[in-house]
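Visitor: Here it is: the structure, laid out below.
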Amino acid sequence: MAAKANGGNNGFDKEFDAGGAFEEALDEIGPRAKKGKPRFTGKTVKVVGVRFKKAGRVYYFSPRDLPLAPGDAVIVETARGLEYGTVAAAGKEIDEGELASPLKDVLRKATAEDAVQHQANLLAEKEAFGVCREKIRQHNLPIKLTDVSYIFDSSKIVFYFTAEGRVDFRELVRDLAGVFRTRIELRQIGVRDEAKMMGGMATCGRELCCHAVFGDFHPVSIRMAKKQNLSLNPAKISGVCGRLMCCLKYEHYEDEERPCGKQKCDGKDSPAAVPAEKENG
């Protein structure tokens with residue numbers, strides 16, 4: 001079982017794609033929107049967007065003739081087996097050129113039995129987490145277990161972990177396979193992915209954006225902090241993961257994207273600008 005690790009960018013170099021090892025692991029689930037500019041073909045397909053994790057990426061599936069609405073629980077066919085997900089967007093038509101891979105089908109709306117199976121998997125994940133952590137201790141491995149994910153039909157269990165470098169965990173995989181009697185995968189993730197999966201409180205007092213809001217990581221660079229005249233002290237512009245805060249992206253505009261349309265926006269022509277007397281009155 002090969003681990004997949006994030007790059008070693010410390011977050012204070014040039015612009016980079018922030019994290020994503022965990023999401024790359026999910027790319028085998030199904031197609032999603034292509035990164036960059038897609039090549040439009042003129043052919044549209046009807047899709048539904050399905051999410052498998054809180055604030056996770058939305059993956060596209062063919063709804064066939066099923067009447068689906070946002071919030072519906074569904075069973076979908078993926079490259080790694082059946083998965084239980086939640087509809088995030090329904091009745092959407094997109095160009096075929098926007099898809100990163102061919103569409104797979106939504107098999108059915110989740111039944112009561114499916115919901116029971118899903119809840120059983122969630123409980124089993126907690127048990128598997130404890131078992132794996134104990135096995136890690138027994139093998140004295142320098143890794144930190146982050147999360148456990150069961151495939152819907154329990155045909156595979158994926159353990160996500162962080163570590164300083166490459167780790168030989170073959171003996172650990174054999175032990176886990178002997179305990180759970182199913183396919184085992186250990187996947188190494190980066191610190192941004194760890195924060196997204198585990199959640200927590202940011203310095204602003206709110207829940208971490210990557211855990212509560214973002215479906216995808218966005219590129220963040222030190223240049224964004226410079227253009228906003230923020231302190232370049234790493235302690236003030238770093239998140240709990242130790243990398244640049246995702247929210248630096250919120251107030252960063254390229255010149256053509258500024259609300260006022262000017263290269264240097266003074267705020268007077270911005271839609272958000274409010275006269276002082278009205279603001280106080």
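Residues in the structure tokens are named by chain (A, B, ... in the order shown) and by number from 1 within that chain; ligands are numbered from 1 in the order shown.
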Can you pull out the residues contacting Ala88 in chain A? Cut-off 6 Å, using only C-alpha atoms, and skip same-chain residues under 6 positions away; I want them as a list in words.
Guide: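 The neighbour list is Gly49, Val50 and Pro70 of chain A.
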Visitor: Could those selected residues go to a file with N, CA and C atoms, as an mmCIF file, in the first residue's frame?
Guide:
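What ended up in result-v6.cif:
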data_model
loop_
_atom_site.group_PDB
_atom_site.id
_atom_site.type_symbol
_atom_site.label_atom_id
_atom_site.label_comp_id
_atom_site.auth_asym_id
_atom_site.auth_seq_id
_atom_site.Cartn_x
_atom_site.Cartn_y
_atom_site.Cartn_z
ATOM 1 N N GLY A 49 -24.705 17.028 -8.268
ATOM 2 C CA GLY A 49 -23.491 17.106 -7.476
ATOM 3 C C GLY A 49 -23.683 16.377 -6.162
ATOM 4 N N VAL A 50 -22.760 15.495 -5.836
ATOM 5 C CA VAL A 50 -22.859 14.689 -4.613
ATOM 6 C C VAL A 50 -21.633 14.922 -3.757
ATOM 7 N N PRO A 70 -31.579 18.758 -3.583
ATOM 8 C CA PRO A 70 -30.486 18.959 -2.617
ATOM 9 C C PRO A 70 -30.879 18.446 -1.228
#
Visitor: With only C-alpha atoms as the counted atoms, please give the residues lying no more than 12 Å from Ala112 in chain A, apart from itself and same-chain residues fewer than 6 positions off, as a list of chain:residue names.
Guide: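 The neighbour list is A:Ala73, A:Val74, A:Ile75, A:His118, A:Gln119.
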Visitor: Enumerate the residues of range 48-210 of chain A with a DSSP assignment of helix (DSSP H, G or I), computed from the backbone, and present them as a ChimeraX atom specification.
Guide: /A:96-98,112-139,170-180,191-198,209-210
Visitor: Using only C-alpha atoms, find the one residue out of A:Val45, A:Val158, A:Ala128, A:Leu123 that sits nearest to Leu103 in chain A.
Guide: A:Val45
Visitor: For a test of reading the model, state the distance in Å between CA of Ile157 in chain A and CA of Thr182 in chain A, rounded to one decimal.
Guide: 7.4 Å
Visitor: Can you tell me how far CA of Ala90 in chain A sits from CA of Leu68 in chain A, in Å to one decimal?
Guide: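 If I compute the distance from CA of Ala90 in chain A to CA of Leu68 in chain A, I get 6.3 Å.
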Visitor: Counting only C-alpha atoms, which residue out of A:Val179, A:Ala212, A:Leu145, A:Cys247 sits closest to Glu194 in chain A?
Guide: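 Of the candidates, the smallest distance to Glu194 in chain A is held by A:Leu145.
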Visitor: Select, from A:Ala110, A:Ala163, A:Leu186, A:Val48, the residue with the minimum atom-to-atom distance to Ile94 in chain A, counting only C-alpha atoms.
Guide: A:Val48
Visitor: Determine the nearest neighbour of Ile143 in chain A from the options A:Tyr59, A:Arg170, A:Gln188, A:Leu99, counting only C-alpha atoms.
Guide: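 The closest residue to Ile143 in chain A is A:Gln188.
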Visitor: Identify which of the residues A:Ala69, A:Ala120, A:Val167, A:Leu248 lies closest to Asn229 in chain A, counting only C-alpha atoms when measuring atom-to-atom distances.
Guide: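 Under the stated criterion, the closest residue is A:Leu248.
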Visitor: Per DSSP on the backbone, what are the strand (DSSP E or B) residues of range 85-187 of chain A, as number ranges by chain?
Guide: A: 85-95, 99, 105-109, 143-150, 156-163, 183-187
Visitor: Using only C-alpha atoms, find the one residue out of A:Asp147, A:Asp216, A:Glu207, A:Asp72 that sits nearest to Val240 in chain A.
Guide: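 Distance minimum relative to Val240 in chain A lands on A:Glu207.
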Visitor: Separation of CA of Phe161 in chain A and CA of Thr146 in chain A, in Å?
Guide: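 Distance reported for this atom pair: 5.0 Å.
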Visitor: Please provide as a PyMOL selection string all residues within 9 Å of Ser155 in chain A, with the sequence filter that same-chain residues fewer than 5 positions apart are discarded (counting only C-alpha atoms).
Guide: chain A and resi 81+150+182-183
Visitor: List the spatial neighbours of Val148 in chain A as an MDAnalysis selection string - criterion: any atom at most 7 Å away, only C-alpha atoms, same-chain residues fewer than 6 positions off excluded.
Guide: chainID A and resid 125 129 158:160
